[in-house]
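Scroll down for the structure; my scribbles are underneath it.
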Amino acid sequence: MKRIILAITLVAAVMFAGCSRKSKELLLYCGAGIRPPAEELVETFRREHGVKIATDYAGSETLLSTIRLVRRGDLYMPGDKHYVEQAAREGMILSQRSVCYFVPTILVQKGNPKNISSLEDLLKPGVKLGLGDEKACAIGRKCKRIFAKNNIAWAEVEKNLKFQSLTVNELGMQIQATSLDAVIVWDAIAQYYSEYGEEIPILVEKNVISTVDIGVLSFTKNRSLAEEFVEFAASARGRNIFRKHNYTVEPPQ
């Protein structure tokens, strides 16, 4: 009888542990431009670990403001490590890992009717330009740095600036809708709009590359699970998922 009771107790304990793990849920704040691979990472992790991951997709700066306000959640993966480092300086990050790289690129209308071949060409009269809002998304902040690096005055850029987005995805949609002549987006995002536009690469020496980090938030109630997800995203399997969606996983040369 004692053996039977012990066996029942052990089975119950195992079942409880399994149910307890499965009942846990992580919250990932994710930059909108990383959504395609992030969705596959989340689904794969859910399937293999039985852990649900809720996601909040928005501009990187917008997400950071949300995290500051609500002070809850488990993971933060914005479009540039700058935001994770900012959160770390404010005591909101326990650990972080790099997972991929974003390379800013110019996306123009199919056929390139405005004959754009460089950053300087974005200043030509009649070019309708779209950029991210630096107060909302990583691509906006990065664009300001790119123009400054190339000694292009922001006042000159503003003359052609017809649209500022809250996320990088909206810029690709503007090219699809033929509302703008040119935008600056991440290289991976440009691939998703190749049917509607053409990519004009920015020379490496003129560009400012973005490193994408994922961080574990200090508010997490499930640190071990959050760390597991970070390790998965940064692993060879995780990088293959990013690569599958046309994201750069090796430092651009």
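Scheme for the structure tokens: letters A, B, ... for chains in order shown; per-chain residue numbers from 1; ligand numbers from 1 in order shown.
Inside segment 202-234 of chain A, the residues DSSP reads as helix (DSSP H, G or I) when given the backbone are Val204, Glu205, Lys206, Arg223, Ser224, Leu225, Ala226, Glu227, Glu228, Phe229, Val230, Glu231, Phe232, Ala233 and Ala234 of chain A.
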Next item on the list: Fewer than 5 positions away in the same chain doesn't count, so skip those; otherwise give me all residues within 10 Å of Leu123 of chain A, counting only C-alpha atoms, as an NGL selection string.
Entry: :A and (116 or 118 or 128-129 or 152 or 156-161)
Next item on the list: Considering only C-alpha atoms, state which residue in the set A:Val230, A:Ala32, A:Met173, A:Val216 is at the smallest distance from Arg72 of chain A.
Entry: A:Val216
Excluding Arg243 of chain A and residues on its chain fewer than 5 positions from it, collect all residues at most 10 Å away from it, counting only C-alpha atoms, and give them as a compact mmCIF listing (two decimals) with N, CA, C and O atoms, in the first residue's frame.
# COMPACT_ATOMS: atom_id res chain seq x y z
N PRO A 37 10.43 36.67 -38.23
CA PRO A 37 11.16 35.60 -37.54
C PRO A 37 10.72 35.42 -36.10
O PRO A 37 10.74 34.29 -35.58
N CYS A 100 20.72 39.20 -34.41
CA CYS A 100 20.85 39.46 -35.85
C CYS A 100 21.27 40.91 -36.06
O CYS A 100 21.50 41.65 -35.09
N ALA A 188 16.01 43.42 -44.47
CA ALA A 188 15.05 42.31 -44.43
C ALA A 188 13.66 42.77 -44.84
O ALA A 188 12.93 42.06 -45.54
N ARG A 237 20.07 27.30 -34.27
CA ARG A 237 18.70 27.08 -34.75
C ARG A 237 17.95 28.41 -34.87
O ARG A 237 17.23 28.65 -35.83
N GLY A 238 18.12 29.25 -33.87
CA GLY A 238 17.45 30.55 -33.90
C GLY A 238 17.95 31.40 -35.04
O GLY A 238 17.16 32.03 -35.76
N THR A 248 19.91 39.37 -41.63
CA THR A 248 21.36 39.22 -41.61
C THR A 248 21.81 38.71 -40.24
O THR A 248 21.49 39.33 -39.22
N VAL A 249 22.53 37.60 -40.22
CA VAL A 249 22.95 37.02 -38.92
C VAL A 249 24.45 37.09 -38.71
O VAL A 249 24.93 36.76 -37.61
N GLU A 250 25.19 37.53 -39.70
CA GLU A 250 26.63 37.73 -39.55
C GLU A 250 26.92 39.22 -39.64
O GLU A 250 26.27 39.95 -40.40
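Distances to Ile214 of chain A were evaluated for A:Arg68, A:Lys81, A:Lys24, A:Arg47 using only C-alpha atoms, and the minimum falls at A:Lys81.
The space separating atom CA of Glu231 of chain A from atom CA of Ala54 of chain A comes to 18.0 Å.
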Margin query: As an exercise, work out the distance from atom CA of Arg97 of chain A to atom CA of Ala234 of chain A in Å and give it to one decimal place.
Written below: 6.7 Å
Next item on the list: Extract, using only C-alpha atoms, all DNA, RNA and protein residues at most 8 Å from Gly132 of chain A, discarding same-chain residues fewer than 4 positions from it, and format them as a ChimeraX atom specification.
Entry: /A:136-141,143,164-168,171,184
Include N, CA, C and O atoms and write out the residues we just selected as an mmCIF file, in the first residue's frame.
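Final output, saved to part.cif:
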data_model
loop_
_atom_site.group_PDB
_atom_site.id
_atom_site.type_symbol
_atom_site.label_atom_id
_atom_site.label_comp_id
_atom_site.auth_asym_id
_atom_site.auth_seq_id
_atom_site.Cartn_x
_atom_site.Cartn_y
_atom_site.Cartn_z
ATOM 1 N N ALA A 136 9.778 57.122 -32.261
ATOM 2 C CA ALA A 136 8.918 55.936 -32.185
ATOM 3 C C ALA A 136 9.637 54.640 -32.535
ATOM 4 O O ALA A 136 9.395 53.608 -31.910
ATOM 5 N N CYS A 137 10.516 54.676 -33.556
ATOM 6 C CA CYS A 137 11.082 53.411 -34.037
ATOM 7 C C CYS A 137 12.583 53.520 -34.312
ATOM 8 O O CYS A 137 13.122 54.604 -34.563
ATOM 9 N N ALA A 138 13.241 52.350 -34.297
ATOM 10 C CA ALA A 138 14.694 52.287 -34.427
ATOM 11 C C ALA A 138 15.184 52.808 -35.778
ATOM 12 O O ALA A 138 16.223 53.468 -35.860
ATOM 13 N N ILE A 139 14.455 52.515 -36.856
ATOM 14 C CA ILE A 139 14.903 52.954 -38.179
ATOM 15 C C ILE A 139 14.925 54.478 -38.268
ATOM 16 O O ILE A 139 15.775 55.058 -38.951
ATOM 17 N N GLY A 140 14.027 55.137 -37.560
ATOM 18 C CA GLY A 140 14.013 56.597 -37.562
ATOM 19 C C GLY A 140 15.253 57.171 -36.902
ATOM 20 O O GLY A 140 15.902 58.083 -37.444
ATOM 21 N N ARG A 141 15.604 56.626 -35.755
ATOM 22 C CA ARG A 141 16.813 57.072 -35.052
ATOM 23 C C ARG A 141 18.048 56.789 -35.894
ATOM 24 O O ARG A 141 18.966 57.602 -35.980
ATOM 25 N N CYS A 143 18.287 56.537 -39.165
ATOM 26 C CA CYS A 143 18.365 57.426 -40.337
ATOM 27 C C CYS A 143 18.979 58.767 -39.979
ATOM 28 O O CYS A 143 19.788 59.316 -40.747
ATOM 29 N N GLN A 164 6.402 60.295 -42.002
ATOM 30 C CA GLN A 164 7.199 59.683 -40.947
ATOM 31 C C GLN A 164 6.348 58.619 -40.265
ATOM 32 O O GLN A 164 5.206 58.869 -39.861
ATOM 33 N N SER A 165 6.923 57.422 -40.135
ATOM 34 C CA SER A 165 6.164 56.273 -39.656
ATOM 35 C C SER A 165 6.461 55.948 -38.197
ATOM 36 O O SER A 165 7.511 56.314 -37.659
ATOM 37 N N LEU A 166 5.538 55.207 -37.587
ATOM 38 C CA LEU A 166 5.727 54.723 -36.224
ATOM 39 C C LEU A 166 6.471 53.389 -36.209
ATOM 40 O O LEU A 166 7.067 53.017 -35.206
ATOM 41 N N THR A 167 6.424 52.665 -37.341
ATOM 42 C CA THR A 167 7.142 51.399 -37.490
ATOM 43 C C THR A 167 7.785 51.342 -38.862
ATOM 44 O O THR A 167 7.340 52.013 -39.801
ATOM 45 N N VAL A 168 8.807 50.511 -39.018
ATOM 46 C CA VAL A 168 9.486 50.381 -40.298
ATOM 47 C C VAL A 168 8.579 49.742 -41.349
ATOM 48 O O VAL A 168 8.670 50.050 -42.550
ATOM 49 N N LEU A 171 6.643 51.926 -43.823
ATOM 50 C CA LEU A 171 7.381 52.529 -44.935
ATOM 51 C C LEU A 171 7.316 51.649 -46.176
ATOM 52 O O LEU A 171 7.122 52.141 -47.290
ATOM 53 N N ILE A 184 13.693 54.664 -46.409
ATOM 54 C CA ILE A 184 14.831 53.922 -45.884
ATOM 55 C C ILE A 184 14.284 52.902 -44.894
ATOM 56 O O ILE A 184 13.595 53.267 -43.937
#
